[in-house]
Amino acid sequence: MSVPQELKIVFTGPMGAGKTTAITTISDCAPVATEVHNNDRQTFAKDSTTAALDFGQLSVAPGTAVRLYGTPGQERFSFMWEILGRGAMGVIVLIDASSPSAAIELKHYAETFRRISPHQPLVVGVGRVALAPEGILPALLGTLAAIGICVPVFSVDVRKREDALLLVHTVLAILEARLPESERGRT
Amino acid sequence: MAAPSTLLRPAAIAAASRHLEDFAQSNDGVKLAVLTSSDGFEIAAVPATASSAARIAAMSSSIQALSQALAQEAGLAASRNLIIETDTGTVLLLGVEPSSSGIVLAVVATGKELLGKLLWASSSSHSAGRGIAGSNISVQLNLPTGERRWQR
């Protein structure tokens with residue numbers, strides 16, 4: 001592999017966007033989860049939420065593993081964003097398109113992780129697009145453009161392996177494209 | 001961040017606050033005590049005005065959740081308590097019974113001799129259940145209190 005042998009990619013985004021699901025979907029081994037009882041049903045009506053991190057591993061080529069980390073979504077756990085973002089080779093922001101505050105959330109996470117991991121690829125996965133108002137994807141692209149962030153944005157269902165993998169492979173492709181041409185394509 | 005209003009009834013929170021105050025008063029070394037929900041909300045704290053209480057609450061639940069994952073990975077039973085020792089003080093993260101509640105009492109203390117005492121207090125914790133009964137997560141909070149500890 002032409003990029004480093006051990007890669008760290010961080011999944012982030014608001015509560016309920018699918019970070020734990022994405023890692024569970026693609027991890028080769030049973031992921032480490034830190035799910036706890038969710039008391040805040042107003043923000044997102046689900047039984048459990050991540051309190052510290054998710055961790056999974058994905059082999060992308062012989063001898064090359066991607067370590068997948070998921071952050072907690074809630075602002076009160078933002079100290080974990082800093083810890084997990086350190087040393088990340090790429091960041092995947094997951095957004096719930098059906099959330100009324102999807103654009104605000106996208107702006108917040110994109111800006112925050114641009115600061116934490118300034119030089120690393122950022123890729124956005126937008127979920128539940130079918131439940132969102134029409135034109136949500138162009139709107140979200142506009143949100144990113146307005147803050148000067150030009151990155152790939154995909155409509156995804158992270159319960160599907162190929163969708164979750166698409167996000168990871170896009171990060172890897174961006175990393176690879178940064179290499180001198182002679183060093184590419186050895187995976 | 002304050003807990004959602006649905007987490008515990010005001011009376012339960014008031015009772016928990018009183019127990020924390022008793023606990024802190026009977027122990028000079030306790031700088032801060034925060035009762036934290038499983039998902040990192042501050043339920044009660046002494047001193048009530050501590051600016052770092054909300055952040056310590058969130059961090060406590062993260063570390064508790066992580067130690068839970070580690071204990072599980074190691075094939076052990078549910079993680080109960082955690083001790084963080086530093087040169088200038090100690091942080092205890094004590095799981096509140098029943099452990100299924102996920103509620104954690106974080107105690108920040110100074111001074112070296114405190115560790116054993118605090119741990120002893122936690123193991124001989126005093127039931128504050130009556131004050132908390134009726135909370136909608138039906139938790140009986142067992143908070144360490146000072147009295148029994150100091151009488152021995």
# chains A, B, ... in the order shown; residues from 1 in each chain; ligands from 1
call {"tool": "residues_around", "arguments": {"residues": "range 13-24 of chain A", "least_positions_apart": "6", "cutoff": "10 Å", "atoms": "only C-alpha atoms", "output": "VMD selection string"}}
result
chain A and resid 30 to 35 43 to 46 48 to 50 53 to 58 67 to 75 92 to 99 102 105 to 106 108 to 110 113 124 to 128 157 to 161 163 to 165 167
call {"tool": "interface_residues", "arguments": {"of": "chain A", "to": "chain B", "cutoff": "6 Å", "atoms": "only C-alpha atoms", "output": "list of chain:residue names"}}
result
A:Thr34, A:Val36, A:Asn38, A:Ala51, A:Ala52
call {"tool": "atom_distance", "arguments": {"atom1": "CA of Ala16 in chain B", "atom2": "CA of Ala71 in chain B"}}
result
28.2 Å
call {"tool": "closest_residue", "arguments": {"among": "A:Arg184, A:Gly135, A:Glu6, A:Ile116", "to": "Pro62 in chain A", "atoms": "only C-alpha atoms"}}
result
A:Glu6
call {"tool": "residues_around", "arguments": {"residues": "Arg18 in chain B", "least_positions_apart": "3", "cutoff": "10 Å", "atoms": "only C-alpha atoms", "output": "list in words"}}
result
Ala12, Ile13, Ala14, Ala15, Glu21, Asp22, Phe23, Ala24, Ala44, Ala45, Val46, Ala128 and Gly131 of chain B
call {"tool": "residues_around", "arguments": {"residues": "Asp28 in chain B", "least_positions_apart": "5", "cutoff": "10 Å", "atoms": "only C-alpha atoms", "output": "ChimeraX atom specification"}}
result
/B:23,109-111,114
call {"tool": "closest_residue", "arguments": {"among": "A:Ser117, A:Leu131, A:Leu141, A:Pro152", "to": "Gly87 in chain A", "atoms": "only C-alpha atoms"}}
result
A:Ser117
call {"tool": "select_by_dssp", "arguments": {"residues": "chain A", "states": "strand (DSSP E or B)", "output": "VMD selection string"}}
result
chain A and resid 6 to 12 32 35 to 37 48 to 50 54 to 61 64 to 70 90 to 96 122 to 127 153 to 155
call {"tool": "select_by_dssp", "arguments": {"residues": "range 10-66 of chain A", "states": "alpha helix (DSSP H)", "output": "ChimeraX atom specification"}}
result
/A:19-26
call {"tool": "closest_residue", "arguments": {"among": "B:Ser99, B:Ser52, B:Thr86, B:Ser17", "to": "Lys31 in chain B", "atoms": "only C-alpha atoms"}}
result
B:Ser52
call {"tool": "atom_distance", "arguments": {"atom1": "CA of Trp120 in chain B", "atom2": "CA of Ala11 in chain B"}}
result
27.8 Å
call {"tool": "atom_distance", "arguments": {"atom1": "CA of Asn81 in chain B", "atom2": "CA of Ala50 in chain B"}}
result
22.9 Å
